[in-house]
file upload-v1.txt (compact mmCIF, N, CA and C atoms)
# COMPACT_ATOMS: atom_id res chain seq x y z
N VAL M 1 -10.78 -11.31 9.34
CA VAL M 1 -10.34 -10.08 8.69
C VAL M 1 -10.04 -10.39 7.23
N GLN M 2 -10.55 -9.52 6.35
CA GLN M 2 -10.30 -9.69 4.92
C GLN M 2 -9.90 -8.37 4.29
N LEU M 3 -8.97 -8.47 3.35
CA LEU M 3 -8.55 -7.34 2.56
C LEU M 3 -8.76 -7.70 1.09
N GLN M 4 -9.46 -6.83 0.39
CA GLN M 4 -9.76 -7.08 -1.01
C GLN M 4 -9.14 -5.97 -1.85
N ALA M 5 -8.10 -6.31 -2.59
CA ALA M 5 -7.40 -5.34 -3.43
C ALA M 5 -7.91 -5.43 -4.86
N SER M 6 -7.92 -4.29 -5.53
CA SER M 6 -8.34 -4.23 -6.92
C SER M 6 -7.71 -3.03 -7.60
N GLY M 7 -7.84 -3.00 -8.93
CA GLY M 7 -7.39 -1.84 -9.68
C GLY M 7 -6.17 -2.04 -10.54
N GLY M 8 -5.54 -3.20 -10.43
CA GLY M 8 -4.36 -3.44 -11.24
C GLY M 8 -4.71 -3.59 -12.71
N GLY M 9 -3.66 -3.60 -13.54
CA GLY M 9 -3.89 -3.76 -14.96
C GLY M 9 -2.63 -3.53 -15.76
N LEU M 10 -2.80 -3.51 -17.07
CA LEU M 10 -1.69 -3.28 -18.00
C LEU M 10 -1.78 -1.85 -18.52
N VAL M 11 -0.72 -1.10 -18.30
CA VAL M 11 -0.68 0.29 -18.77
C VAL M 11 0.67 0.56 -19.42
N GLN M 12 0.76 1.72 -20.05
CA GLN M 12 2.02 2.12 -20.67
C GLN M 12 2.77 3.05 -19.72
N ALA M 13 4.06 3.13 -19.92
CA ALA M 13 4.89 4.03 -19.13
C ALA M 13 4.34 5.45 -19.24
N GLY M 14 4.26 6.12 -18.08
CA GLY M 14 3.73 7.46 -18.03
C GLY M 14 2.26 7.54 -17.68
N ASP M 15 1.58 6.41 -17.76
CA ASP M 15 0.15 6.36 -17.42
C ASP M 15 -0.07 6.35 -15.91
N SER M 16 -1.34 6.36 -15.55
CA SER M 16 -1.72 6.34 -14.13
C SER M 16 -2.66 5.17 -13.85
N LEU M 17 -2.64 4.73 -12.60
CA LEU M 17 -3.57 3.71 -12.12
C LEU M 17 -3.92 4.04 -10.67
N ARG M 18 -5.10 3.63 -10.24
CA ARG M 18 -5.45 3.77 -8.84
C ARG M 18 -5.84 2.40 -8.29
N LEU M 19 -5.12 1.98 -7.30
CA LEU M 19 -5.43 0.73 -6.61
C LEU M 19 -6.32 1.01 -5.41
N SER M 20 -7.19 0.06 -5.11
CA SER M 20 -8.06 0.16 -3.95
C SER M 20 -7.92 -1.08 -3.10
N CYS M 21 -8.13 -0.92 -1.82
CA CYS M 21 -8.07 -2.06 -0.91
C CYS M 21 -9.11 -1.84 0.19
N ALA M 22 -10.08 -2.72 0.23
CA ALA M 22 -11.16 -2.62 1.22
C ALA M 22 -10.92 -3.60 2.36
N LEU M 23 -11.04 -3.10 3.56
CA LEU M 23 -10.83 -3.91 4.77
C LEU M 23 -12.17 -4.24 5.41
N SER M 24 -12.34 -5.48 5.80
CA SER M 24 -13.53 -5.89 6.54
C SER M 24 -13.12 -6.80 7.69
N GLY M 25 -13.93 -6.82 8.73
CA GLY M 25 -13.67 -7.71 9.85
C GLY M 25 -12.94 -7.08 11.03
N ARG M 26 -12.49 -5.85 10.87
CA ARG M 26 -11.89 -5.14 11.99
C ARG M 26 -12.03 -3.64 11.73
N SER M 27 -11.75 -2.88 12.75
CA SER M 27 -11.91 -1.43 12.63
C SER M 27 -10.87 -0.85 11.69
N PHE M 28 -11.33 -0.22 10.63
CA PHE M 28 -10.42 0.41 9.68
C PHE M 28 -9.77 1.64 10.30
N SER M 29 -10.56 2.38 11.07
CA SER M 29 -10.06 3.64 11.64
C SER M 29 -8.86 3.41 12.55
N TYR M 30 -8.78 2.24 13.16
CA TYR M 30 -7.70 1.94 14.09
C TYR M 30 -6.65 1.01 13.47
N SER M 31 -6.61 0.98 12.15
CA SER M 31 -5.64 0.14 11.46
C SER M 31 -4.66 0.98 10.67
N HIS M 32 -3.37 0.68 10.84
CA HIS M 32 -2.38 1.21 9.90
C HIS M 32 -2.57 0.46 8.60
N MET M 33 -2.47 1.17 7.48
CA MET M 33 -2.66 0.54 6.18
C MET M 33 -1.43 0.78 5.32
N GLY M 34 -0.98 -0.27 4.66
CA GLY M 34 0.22 -0.15 3.85
C GLY M 34 0.08 -0.85 2.50
N TRP M 35 0.90 -0.39 1.56
CA TRP M 35 1.02 -1.04 0.26
C TRP M 35 2.45 -1.52 0.10
N PHE M 36 2.57 -2.74 -0.35
CA PHE M 36 3.86 -3.35 -0.67
C PHE M 36 3.76 -3.90 -2.08
N ARG M 37 4.91 -4.22 -2.66
CA ARG M 37 4.89 -4.83 -3.99
C ARG M 37 5.98 -5.88 -4.10
N GLN M 38 5.75 -6.81 -5.00
CA GLN M 38 6.72 -7.87 -5.22
C GLN M 38 6.85 -8.12 -6.70
N ALA M 39 8.05 -7.86 -7.21
CA ALA M 39 8.36 -8.12 -8.60
C ALA M 39 8.91 -9.54 -8.72
N PRO M 40 8.85 -10.13 -9.92
CA PRO M 40 9.36 -11.50 -10.09
C PRO M 40 10.81 -11.64 -9.66
N GLY M 41 11.06 -12.63 -8.82
CA GLY M 41 12.42 -12.89 -8.37
C GLY M 41 12.92 -11.98 -7.28
N ARG M 42 12.04 -11.13 -6.77
CA ARG M 42 12.46 -10.18 -5.74
C ARG M 42 11.58 -10.32 -4.49
N GLU M 43 12.08 -9.81 -3.39
CA GLU M 43 11.31 -9.86 -2.16
C GLU M 43 10.24 -8.76 -2.16
N ARG M 44 9.25 -8.97 -1.33
CA ARG M 44 8.21 -7.97 -1.18
C ARG M 44 8.80 -6.72 -0.53
N GLU M 45 8.53 -5.56 -1.15
CA GLU M 45 9.12 -4.33 -0.65
C GLU M 45 8.04 -3.30 -0.34
N PHE M 46 8.40 -2.44 0.58
CA PHE M 46 7.50 -1.38 1.01
C PHE M 46 7.31 -0.35 -0.10
N VAL M 47 6.05 0.14 -0.22
CA VAL M 47 5.74 1.18 -1.20
C VAL M 47 5.24 2.44 -0.49
N ALA M 48 4.17 2.29 0.30
CA ALA M 48 3.58 3.45 0.98
C ALA M 48 2.72 2.98 2.13
N ALA M 49 2.52 3.85 3.11
CA ALA M 49 1.68 3.50 4.25
C ALA M 49 1.06 4.74 4.85
N SER M 50 -0.05 4.49 5.53
CA SER M 50 -0.76 5.55 6.25
C SER M 50 -0.99 5.05 7.67
N THR M 51 -0.61 5.86 8.65
CA THR M 51 -0.86 5.48 10.04
C THR M 51 -2.36 5.46 10.33
N TRP M 52 -2.72 4.85 11.44
CA TRP M 52 -4.13 4.56 11.70
C TRP M 52 -5.02 5.80 11.68
N ASN M 53 -4.53 6.89 12.16
CA ASN M 53 -5.38 8.08 12.19
C ASN M 53 -5.09 9.00 11.01
N GLY M 54 -4.25 8.53 10.10
CA GLY M 54 -3.95 9.30 8.91
C GLY M 54 -3.04 10.49 9.13
N TYR M 55 -2.48 10.60 10.33
CA TYR M 55 -1.66 11.79 10.59
C TYR M 55 -0.31 11.73 9.87
N ALA M 56 0.08 10.53 9.46
CA ALA M 56 1.36 10.41 8.76
C ALA M 56 1.22 9.48 7.57
N THR M 57 1.83 9.86 6.47
CA THR M 57 1.96 8.99 5.31
C THR M 57 3.45 8.87 5.01
N VAL M 58 3.84 7.69 4.62
CA VAL M 58 5.24 7.40 4.38
C VAL M 58 5.37 6.74 3.00
N TYR M 59 6.43 7.08 2.29
CA TYR M 59 6.64 6.55 0.95
C TYR M 59 8.07 6.03 0.80
N ALA M 60 8.19 5.01 -0.02
CA ALA M 60 9.52 4.57 -0.44
C ALA M 60 10.11 5.65 -1.34
N ASP M 61 11.41 5.78 -1.30
CA ASP M 61 12.06 6.80 -2.13
C ASP M 61 11.76 6.60 -3.61
N SER M 62 11.61 5.36 -4.03
CA SER M 62 11.42 5.06 -5.45
C SER M 62 10.07 5.54 -5.99
N VAL M 63 9.13 5.82 -5.10
CA VAL M 63 7.80 6.24 -5.56
C VAL M 63 7.42 7.63 -5.08
N LYS M 64 8.27 8.21 -4.27
CA LYS M 64 7.96 9.53 -3.70
C LYS M 64 7.78 10.55 -4.82
N GLY M 65 6.70 11.31 -4.73
CA GLY M 65 6.39 12.30 -5.74
C GLY M 65 5.56 11.77 -6.89
N ARG M 66 5.43 10.45 -6.99
CA ARG M 66 4.64 9.85 -8.08
C ARG M 66 3.40 9.12 -7.55
N PHE M 67 3.52 8.52 -6.37
CA PHE M 67 2.43 7.76 -5.78
C PHE M 67 1.85 8.53 -4.60
N THR M 68 0.54 8.36 -4.39
CA THR M 68 -0.13 8.99 -3.26
C THR M 68 -1.04 7.98 -2.57
N ILE M 69 -0.86 7.80 -1.28
CA ILE M 69 -1.74 6.93 -0.51
C ILE M 69 -2.79 7.78 0.19
N SER M 70 -4.01 7.29 0.21
CA SER M 70 -5.08 8.00 0.90
C SER M 70 -6.04 6.96 1.49
N ARG M 71 -6.83 7.38 2.43
CA ARG M 71 -7.77 6.46 3.06
C ARG M 71 -9.13 7.12 3.23
N ASP M 72 -10.16 6.31 3.08
CA ASP M 72 -11.53 6.76 3.28
C ASP M 72 -12.10 5.91 4.41
N ASN M 73 -12.14 6.47 5.59
CA ASN M 73 -12.60 5.71 6.75
C ASN M 73 -14.06 5.29 6.62
N ALA M 74 -14.86 6.11 5.97
CA ALA M 74 -16.27 5.78 5.81
C ALA M 74 -16.46 4.53 4.94
N LYS M 75 -15.53 4.32 4.02
CA LYS M 75 -15.63 3.16 3.12
C LYS M 75 -14.67 2.05 3.51
N SER M 76 -13.92 2.26 4.59
CA SER M 76 -12.92 1.27 5.04
C SER M 76 -12.00 0.87 3.90
N THR M 77 -11.58 1.86 3.16
CA THR M 77 -10.80 1.60 1.95
C THR M 77 -9.56 2.50 1.92
N VAL M 78 -8.46 1.90 1.51
CA VAL M 78 -7.23 2.66 1.28
C VAL M 78 -6.93 2.62 -0.21
N TYR M 79 -6.41 3.72 -0.72
CA TYR M 79 -6.14 3.86 -2.14
C TYR M 79 -4.65 4.11 -2.35
N LEU M 80 -4.19 3.73 -3.52
CA LEU M 80 -2.85 4.07 -3.96
C LEU M 80 -2.96 4.64 -5.36
N GLN M 81 -2.84 5.96 -5.46
CA GLN M 81 -2.84 6.62 -6.76
C GLN M 81 -1.42 6.58 -7.30
N MET M 82 -1.25 5.99 -8.46
CA MET M 82 0.06 5.83 -9.05
C MET M 82 0.12 6.61 -10.37
N ASP M 83 0.94 7.62 -10.39
CA ASP M 83 1.11 8.46 -11.57
C ASP M 83 2.51 8.28 -12.14
N SER M 84 2.67 8.69 -13.38
CA SER M 84 3.98 8.62 -14.04
C SER M 84 4.61 7.24 -13.86
N LEU M 85 3.84 6.23 -14.17
CA LEU M 85 4.31 4.87 -13.95
C LEU M 85 5.51 4.55 -14.85
N LYS M 86 6.39 3.74 -14.29
CA LYS M 86 7.60 3.31 -14.99
C LYS M 86 7.59 1.79 -15.11
N SER M 87 8.38 1.27 -16.01
CA SER M 87 8.43 -0.18 -16.20
C SER M 87 8.88 -0.88 -14.91
N GLU M 88 9.73 -0.22 -14.14
CA GLU M 88 10.21 -0.81 -12.90
C GLU M 88 9.15 -0.85 -11.80
N ASP M 89 7.98 -0.26 -12.05
CA ASP M 89 6.87 -0.37 -11.10
C ASP M 89 6.08 -1.66 -11.30
N THR M 90 6.41 -2.41 -12.33
CA THR M 90 5.72 -3.67 -12.60
C THR M 90 5.92 -4.63 -11.44
N ALA M 91 4.81 -5.10 -10.87
CA ALA M 91 4.86 -5.99 -9.71
C ALA M 91 3.44 -6.38 -9.33
N VAL M 92 3.36 -7.34 -8.43
CA VAL M 92 2.09 -7.60 -7.75
C VAL M 92 2.05 -6.71 -6.52
N TYR M 93 0.99 -5.95 -6.39
CA TYR M 93 0.84 -5.01 -5.28
C TYR M 93 -0.09 -5.62 -4.22
N TYR M 94 0.39 -5.56 -2.98
CA TYR M 94 -0.35 -6.11 -1.86
C TYR M 94 -0.67 -5.00 -0.86
N CYS M 95 -1.88 -5.05 -0.33
CA CYS M 95 -2.20 -4.15 0.77
C CYS M 95 -2.17 -4.94 2.07
N GLY M 96 -1.79 -4.27 3.12
CA GLY M 96 -1.71 -4.89 4.43
C GLY M 96 -2.33 -4.01 5.49
N ALA M 97 -2.75 -4.64 6.57
CA ALA M 97 -3.33 -3.92 7.70
C ALA M 97 -2.62 -4.33 8.97
N SER M 98 -2.45 -3.36 9.85
CA SER M 98 -1.75 -3.62 11.10
C SER M 98 -2.43 -2.90 12.26
N SER M 99 -2.46 -3.57 13.40
CA SER M 99 -2.96 -2.95 14.61
C SER M 99 -1.83 -2.76 15.62
N LYS M 100 -0.61 -2.90 15.16
CA LYS M 100 0.53 -2.85 16.05
C LYS M 100 0.76 -1.44 16.56
N ALA M 101 1.19 -1.37 17.82
CA ALA M 101 1.56 -0.09 18.40
C ALA M 101 3.05 0.12 18.21
N PHE M 102 3.42 1.28 17.68
CA PHE M 102 4.82 1.56 17.39
C PHE M 102 5.32 2.70 18.25
N SER M 103 6.55 2.58 18.67
CA SER M 103 7.18 3.72 19.33
C SER M 103 7.52 4.78 18.29
N SER M 104 7.76 4.34 17.06
CA SER M 104 8.02 5.25 15.95
C SER M 104 7.15 4.81 14.78
N PRO M 105 5.94 5.32 14.68
CA PRO M 105 5.01 4.84 13.66
C PRO M 105 5.52 4.98 12.23
N ARG M 106 6.21 6.09 11.95
CA ARG M 106 6.68 6.30 10.59
C ARG M 106 7.68 5.23 10.17
N LEU M 107 8.44 4.70 11.11
CA LEU M 107 9.34 3.59 10.80
C LEU M 107 8.60 2.26 10.85
N GLY M 108 7.74 2.10 11.82
CA GLY M 108 7.05 0.84 12.01
C GLY M 108 6.20 0.41 10.83
N VAL M 109 5.54 1.36 10.20
CA VAL M 109 4.64 1.00 9.10
C VAL M 109 5.39 0.62 7.83
N GLN M 110 6.69 0.79 7.80
CA GLN M 110 7.48 0.42 6.63
C GLN M 110 7.95 -1.03 6.67
N ALA M 111 7.76 -1.68 7.80
CA ALA M 111 8.27 -3.05 7.96
C ALA M 111 7.19 -4.07 7.60
N ARG M 112 7.56 -5.00 6.74
CA ARG M 112 6.60 -6.02 6.30
C ARG M 112 6.06 -6.82 7.49
N GLU M 113 6.91 -7.11 8.45
CA GLU M 113 6.50 -7.94 9.59
C GLU M 113 5.54 -7.22 10.54
N SER M 114 5.31 -5.93 10.30
CA SER M 114 4.37 -5.19 11.14
C SER M 114 2.92 -5.48 10.78
N TYR M 115 2.70 -6.09 9.63
CA TYR M 115 1.35 -6.27 9.13
C TYR M 115 0.85 -7.68 9.41
N TYR M 116 -0.31 -7.75 10.04
CA TYR M 116 -0.89 -9.03 10.41
C TYR M 116 -1.78 -9.61 9.31
N TRP M 117 -2.36 -8.74 8.51
CA TRP M 117 -3.33 -9.20 7.51
C TRP M 117 -2.93 -8.66 6.14
N TRP M 118 -3.14 -9.50 5.12
CA TRP M 118 -2.75 -9.16 3.76
C TRP M 118 -3.88 -9.45 2.78
N GLY M 119 -3.95 -8.63 1.75
CA GLY M 119 -4.85 -8.90 0.65
C GLY M 119 -4.23 -9.89 -0.31
N GLN M 120 -4.97 -10.22 -1.36
CA GLN M 120 -4.54 -11.26 -2.30
C GLN M 120 -3.58 -10.76 -3.35
N GLY M 121 -3.41 -9.46 -3.47
CA GLY M 121 -2.50 -8.91 -4.46
C GLY M 121 -3.21 -8.59 -5.76
N THR M 122 -2.73 -7.54 -6.40
CA THR M 122 -3.25 -7.15 -7.71
C THR M 122 -2.07 -6.81 -8.60
N LEU M 123 -2.08 -7.33 -9.82
CA LEU M 123 -0.94 -7.21 -10.72
C LEU M 123 -0.97 -5.90 -11.49
N VAL M 124 0.14 -5.21 -11.44
CA VAL M 124 0.35 -4.00 -12.23
C VAL M 124 1.48 -4.26 -13.21
N THR M 125 1.19 -4.08 -14.47
CA THR M 125 2.20 -4.28 -15.51
C THR M 125 2.33 -2.98 -16.30
N VAL M 126 3.55 -2.46 -16.33
CA VAL M 126 3.82 -1.22 -17.04
C VAL M 126 4.72 -1.52 -18.22
N SER M 127 4.23 -1.28 -19.40
CA SER M 127 5.03 -1.53 -20.60
C SER M 127 5.76 -0.26 -21.01
N SER M 128 6.97 -0.45 -21.47
CA SER M 128 7.78 0.72 -21.85
C SER M 128 7.69 0.99 -23.34

call {"tool": "encode", "arguments": {"input": "upload-v1.txt", "output": "C-alpha cells"}}
result
Amino acid sequence: VQLQASGGGLVQAGDSLRLSCALSGRSFSYSHMGWFRQAPGREREFVAASTWNGYATVYADSVKGRFTISRDNAKSTVYLQMDSLKSEDTAVYYCGASSKAFSSPRLGVQARESYYWWGQGTLVTVSS
C-alpha cells in the first residue's frame, strides 16, 4: 500500500492551496481517508477525514469552515482544499488510510492510531 501526497508549498496568509493524496495497493472505495498535520515541536494532529463511503466528513475545529476534504473514487485520490490559510496552518501535512471498522466512524476517523498507512507528508508554509 502506498500513499503519495502532493500540493504543498509556500503561500501568504489568506491564500489557498489544494493538497492531493493518491492511494495505491488497496481498495480506495473501502478506505477511510484522513489528513493530519505536524508542526515543529508538536504532535501530529487531526485535520479532516472522510469515511470510506463518503457519507461523513469530519473536521478539526481549527479548520472548520476553511478546509474541505473530498474524494474521487475513480482516481483513488483524496483532496484537502485549504482556504483562508493562516500562519498557524504551517505544518507538514500527512494523509492516512484506514480499513478499520468503527462503532462510531465520525469519532474513529479522528484518531491517529486508526490509520494503518501513511503518506510521506507535504510541507505547507504560510507566511504572515

call {"tool": "closest_atom_pairs", "arguments": {"input": "upload-v1.txt", "of": "range 3-29 of chain M", "to": "range 96-102 of chain M", "cutoff": "9 Å", "atoms": "only C-alpha atoms", "output": "JSON lines"}}
result
{"residue": "M:Leu3", "atom": "CA", "partner": "M:Gly96", "partner_atom": "CA", "distance": 7.5}
{"residue": "M:Cys21", "atom": "CA", "partner": "M:Gly96", "partner_atom": "CA", "distance": 8.8}
{"residue": "M:Leu23", "atom": "CA", "partner": "M:Ala97", "partner_atom": "CA", "distance": 8.1}
{"residue": "M:Phe28", "atom": "CA", "partner": "M:Ala97", "partner_atom": "CA", "distance": 8.5}

call {"tool": "closest_residue", "arguments": {"input": "upload-v1.txt", "among": "M:Leu123, M:Val63, M:Val1, M:Ile69", "to": "Tyr94 in chain M", "atoms": "only C-alpha atoms"}}
result
M:Leu123

call {"tool": "residues_near_point", "arguments": {"input": "upload-v1.txt", "point": "(-0.3, 6.4, -7.2)", "cutoff": "5 Å", "atoms": "only N, CA and C atoms", "output": "JSON, numbers by chain"}}
result
{"M": [66, 67, 68, 80, 81, 82, 83]}

call {"tool": "residues_around", "arguments": {"input": "upload-v1.txt", "residues": "Asn73 in chain M", "least_positions_apart": "6", "cutoff": "12 Å", "atoms": "only C-alpha atoms", "output": "number ranges by chain"}}
result
M: 21-24, 27-33, 50, 52-54, 79

call {"tool": "closest_residue", "arguments": {"input": "upload-v1.txt", "among": "M:Trp117, M:Lys75, M:Pro105, M:Pro40", "to": "Val58 in chain M", "atoms": "only C-alpha atoms"}}
result
M:Pro105

call {"tool": "select_by_dssp", "arguments": {"input": "upload-v1.txt", "residues": "range 1-125 of chain M", "states": "helix (DSSP H, G or I)", "output": "PyMOL selection string"}}
result
chain M and resi 87-89+105-108+112-114

call {"tool": "atom_distance", "arguments": {"input": "upload-v1.txt", "atom1": "atom C of Ser62 in chain M", "atom2": "atom N of Val78 in chain M"}}
result
20.3 Å

call {"tool": "closest_residue", "arguments": {"input": "upload-v1.txt", "among": "M:Ser76, M:Gly119, M:Val126, M:Ala91", "to": "Glu43 in chain M", "atoms": "only C-alpha atoms"}}
result
M:Ala91

call {"tool": "atom_distance", "arguments": {"input": "upload-v1.txt", "atom1": "CA of Phe46 in chain M", "atom2": "atom N of Glu113 in chain M"}}
result
9.4 Å

call {"tool": "axis_aligned_box", "arguments": {"input": "upload-v1.txt", "around": "range 114-123 of chain M", "padding_each_side": "4 Å", "output": "lines of an AutoDock Vina configuration file"}}
result
center_x = 0.2
center_y = -8.2
center_z = -0.2
size_x = 18.3
size_y = 14.1
size_z = 30.6

call {"tool": "closest_residue", "arguments": {"input": "upload-v1.txt", "among": "M:Ser103, M:Gly25, M:Asp72, M:Val109", "to": "Tyr59 in chain M", "atoms": "only C-alpha atoms"}}
result
M:Val109

call {"tool": "closest_residue", "arguments": {"input": "upload-v1.txt", "among": "M:Val124, M:Ser114, M:Ser70, M:Ala56", "to": "Ser16 in chain M", "atoms": "only C-alpha atoms"}}
result
M:Val124

call {"tool": "atom_distance", "arguments": {"input": "upload-v1.txt", "atom1": "atom N of Ser127 in chain M", "atom2": "CA of Glu88 in chain M"}}
result
8.8 Å

call {"tool": "select_by_dssp", "arguments": {"input": "upload-v1.txt", "residues": "range 65-125 of chain M", "states": "strand (DSSP E or B)", "output": "compact mmCIF listing (two decimals) with N, CA and C atoms, in the frame of the given file"}}
result
# COMPACT_ATOMS: atom_id res chain seq x y z
N PHE M 67 3.52 8.52 -6.37
CA PHE M 67 2.43 7.76 -5.78
C PHE M 67 1.85 8.53 -4.60
N THR M 68 0.54 8.36 -4.39
CA THR M 68 -0.13 8.99 -3.26
C THR M 68 -1.04 7.98 -2.57
N ILE M 69 -0.86 7.80 -1.28
CA ILE M 69 -1.74 6.93 -0.51
C ILE M 69 -2.79 7.78 0.19
N SER M 70 -4.01 7.29 0.21
CA SER M 70 -5.08 8.00 0.90
C SER M 70 -6.04 6.96 1.49
N ARG M 71 -6.83 7.38 2.43
CA ARG M 71 -7.77 6.46 3.06
C ARG M 71 -9.13 7.12 3.23
N ASP M 72 -10.16 6.31 3.08
CA ASP M 72 -11.53 6.76 3.28
C ASP M 72 -12.10 5.91 4.41
N THR M 77 -11.58 1.86 3.16
CA THR M 77 -10.80 1.60 1.95
C THR M 77 -9.56 2.50 1.92
N VAL M 78 -8.46 1.90 1.51
CA VAL M 78 -7.23 2.66 1.28
C VAL M 78 -6.93 2.62 -0.21
N TYR M 79 -6.41 3.72 -0.72
CA TYR M 79 -6.14 3.86 -2.14
C TYR M 79 -4.65 4.11 -2.35
N LEU M 80 -4.19 3.73 -3.52
CA LEU M 80 -2.85 4.07 -3.96
C LEU M 80 -2.96 4.64 -5.36
N GLN M 81 -2.84 5.96 -5.46
CA GLN M 81 -2.84 6.62 -6.76
C GLN M 81 -1.42 6.58 -7.30
N MET M 82 -1.25 5.99 -8.46
CA MET M 82 0.06 5.83 -9.05
C MET M 82 0.12 6.61 -10.37
N ALA M 91 4.81 -5.10 -10.87
CA ALA M 91 4.86 -5.99 -9.71
C ALA M 91 3.44 -6.38 -9.33
N VAL M 92 3.36 -7.34 -8.43
CA VAL M 92 2.09 -7.60 -7.75
C VAL M 92 2.05 -6.71 -6.52
N TYR M 93 0.99 -5.95 -6.39
CA TYR M 93 0.84 -5.01 -5.28
C TYR M 93 -0.09 -5.62 -4.22
N TYR M 94 0.39 -5.56 -2.98
CA TYR M 94 -0.35 -6.11 -1.86
C TYR M 94 -0.67 -5.00 -0.86
N CYS M 95 -1.88 -5.05 -0.33
CA CYS M 95 -2.20 -4.15 0.77
C CYS M 95 -2.17 -4.94 2.07
N GLY M 96 -1.79 -4.27 3.12
CA GLY M 96 -1.71 -4.89 4.43
C GLY M 96 -2.33 -4.01 5.49
N ALA M 97 -2.75 -4.64 6.57
CA ALA M 97 -3.33 -3.92 7.70
C ALA M 97 -2.62 -4.33 8.97
N SER M 98 -2.45 -3.36 9.85
CA SER M 98 -1.75 -3.62 11.10
C SER M 98 -2.43 -2.90 12.26
N TRP M 117 -2.36 -8.74 8.51
CA TRP M 117 -3.33 -9.20 7.51
C TRP M 117 -2.93 -8.66 6.14
N TRP M 118 -3.14 -9.50 5.12
CA TRP M 118 -2.75 -9.16 3.76
C TRP M 118 -3.88 -9.45 2.78
N THR M 122 -2.73 -7.54 -6.40
CA THR M 122 -3.25 -7.15 -7.71
C THR M 122 -2.07 -6.81 -8.60
N LEU M 123 -2.08 -7.33 -9.82
CA LEU M 123 -0.94 -7.21 -10.72
C LEU M 123 -0.97 -5.90 -11.49
N VAL M 124 0.14 -5.21 -11.44
CA VAL M 124 0.35 -4.00 -12.23
C VAL M 124 1.48 -4.26 -13.21
N THR M 125 1.19 -4.08 -14.47
CA THR M 125 2.20 -4.28 -15.51
C THR M 125 2.33 -2.98 -16.30

call {"tool": "build_atoms", "arguments": {"input": "upload-v1.txt", "residues": "range 42-47 of chain M", "atoms": "all heavy atoms", "output": "JSON list (two decimals), keeping the file's coordinate frame"}}
result
[["chain", "number", "residue", "atom", "x", "y", "z"],
["M", 42, "ARG", "N", 12.04, -11.13, -6.77],
["M", 42, "ARG", "CA", 12.46, -10.18, -5.74],
["M", 42, "ARG", "C", 11.58, -10.32, -4.49],
["M", 42, "ARG", "O", 10.50, -10.89, -4.54],
["M", 42, "ARG", "CB", 12.38, -8.75, -6.26],
["M", 42, "ARG", "CG", 13.24, -8.52, -7.49],
["M", 42, "ARG", "CD", 13.27, -7.07, -7.90],
["M", 42, "ARG", "NE", 13.93, -6.23, -6.89],
["M", 42, "ARG", "CZ", 14.15, -4.95, -7.06],
["M", 42, "ARG", "NH1", 13.77, -4.34, -8.17],
["M", 42, "ARG", "NH2", 14.74, -4.25, -6.11],
["M", 43, "GLU", "N", 12.08, -9.81, -3.39],
["M", 43, "GLU", "CA", 11.31, -9.86, -2.16],
["M", 43, "GLU", "C", 10.24, -8.76, -2.16],
["M", 43, "GLU", "O", 10.34, -7.76, -2.88],
["M", 43, "GLU", "CB", 12.24, -9.68, -0.95],
["M", 43, "GLU", "CG", 13.20, -10.85, -0.75],
["M", 43, "GLU", "CD", 13.92, -10.76, 0.57],
["M", 43, "GLU", "OE1", 13.78, -9.75, 1.28],
["M", 43, "GLU", "OE2", 14.66, -11.71, 0.91],
["M", 44, "ARG", "N", 9.25, -8.97, -1.33],
["M", 44, "ARG", "CA", 8.21, -7.97, -1.18],
["M", 44, "ARG", "C", 8.80, -6.72, -0.53],
["M", 44, "ARG", "O", 9.48, -6.80, 0.48],
["M", 44, "ARG", "CB", 7.07, -8.52, -0.31],
["M", 44, "ARG", "CG", 5.83, -7.67, -0.32],
["M", 44, "ARG", "CD", 4.67, -8.35, 0.42],
["M", 44, "ARG", "NE", 4.30, -9.62, -0.19],
["M", 44, "ARG", "CZ", 3.22, -10.31, 0.18],
["M", 44, "ARG", "NH1", 2.44, -9.85, 1.15],
["M", 44, "ARG", "NH2", 2.94, -11.46, -0.41],
["M", 45, "GLU", "N", 8.53, -5.56, -1.15],
["M", 45, "GLU", "CA", 9.12, -4.33, -0.65],
["M", 45, "GLU", "C", 8.04, -3.30, -0.34],
["M", 45, "GLU", "O", 6.97, -3.28, -0.93],
["M", 45, "GLU", "CB", 10.09, -3.74, -1.69],
["M", 45, "GLU", "CG", 9.44, -3.31, -2.99],
["M", 45, "GLU", "CD", 10.42, -2.64, -3.93],
["M", 45, "GLU", "OE1", 11.63, -2.58, -3.64],
["M", 45, "GLU", "OE2", 9.96, -2.13, -4.97],
["M", 46, "PHE", "N", 8.40, -2.44, 0.58],
["M", 46, "PHE", "CA", 7.50, -1.38, 1.01],
["M", 46, "PHE", "C", 7.31, -0.35, -0.10],
["M", 46, "PHE", "O", 8.25, 0.02, -0.80],
["M", 46, "PHE", "CB", 8.08, -0.70, 2.26],
["M", 46, "PHE", "CG", 7.37, 0.56, 2.66],
["M", 46, "PHE", "CD1", 6.13, 0.50, 3.28],
["M", 46, "PHE", "CD2", 7.93, 1.80, 2.41],
["M", 46, "PHE", "CE1", 5.47, 1.65, 3.65],
["M", 46, "PHE", "CE2", 7.29, 2.96, 2.78],
["M", 46, "PHE", "CZ", 6.05, 2.89, 3.40],
["M", 47, "VAL", "N", 6.05, 0.14, -0.22],
["M", 47, "VAL", "CA", 5.74, 1.18, -1.20],
["M", 47, "VAL", "C", 5.24, 2.44, -0.49],
["M", 47, "VAL", "O", 5.79, 3.52, -0.66],
["M", 47, "VAL", "CB", 4.68, 0.71, -2.21],
["M", 47, "VAL", "CG1", 4.30, 1.84, -3.14],
["M", 47, "VAL", "CG2", 5.19, -0.49, -3.00]]
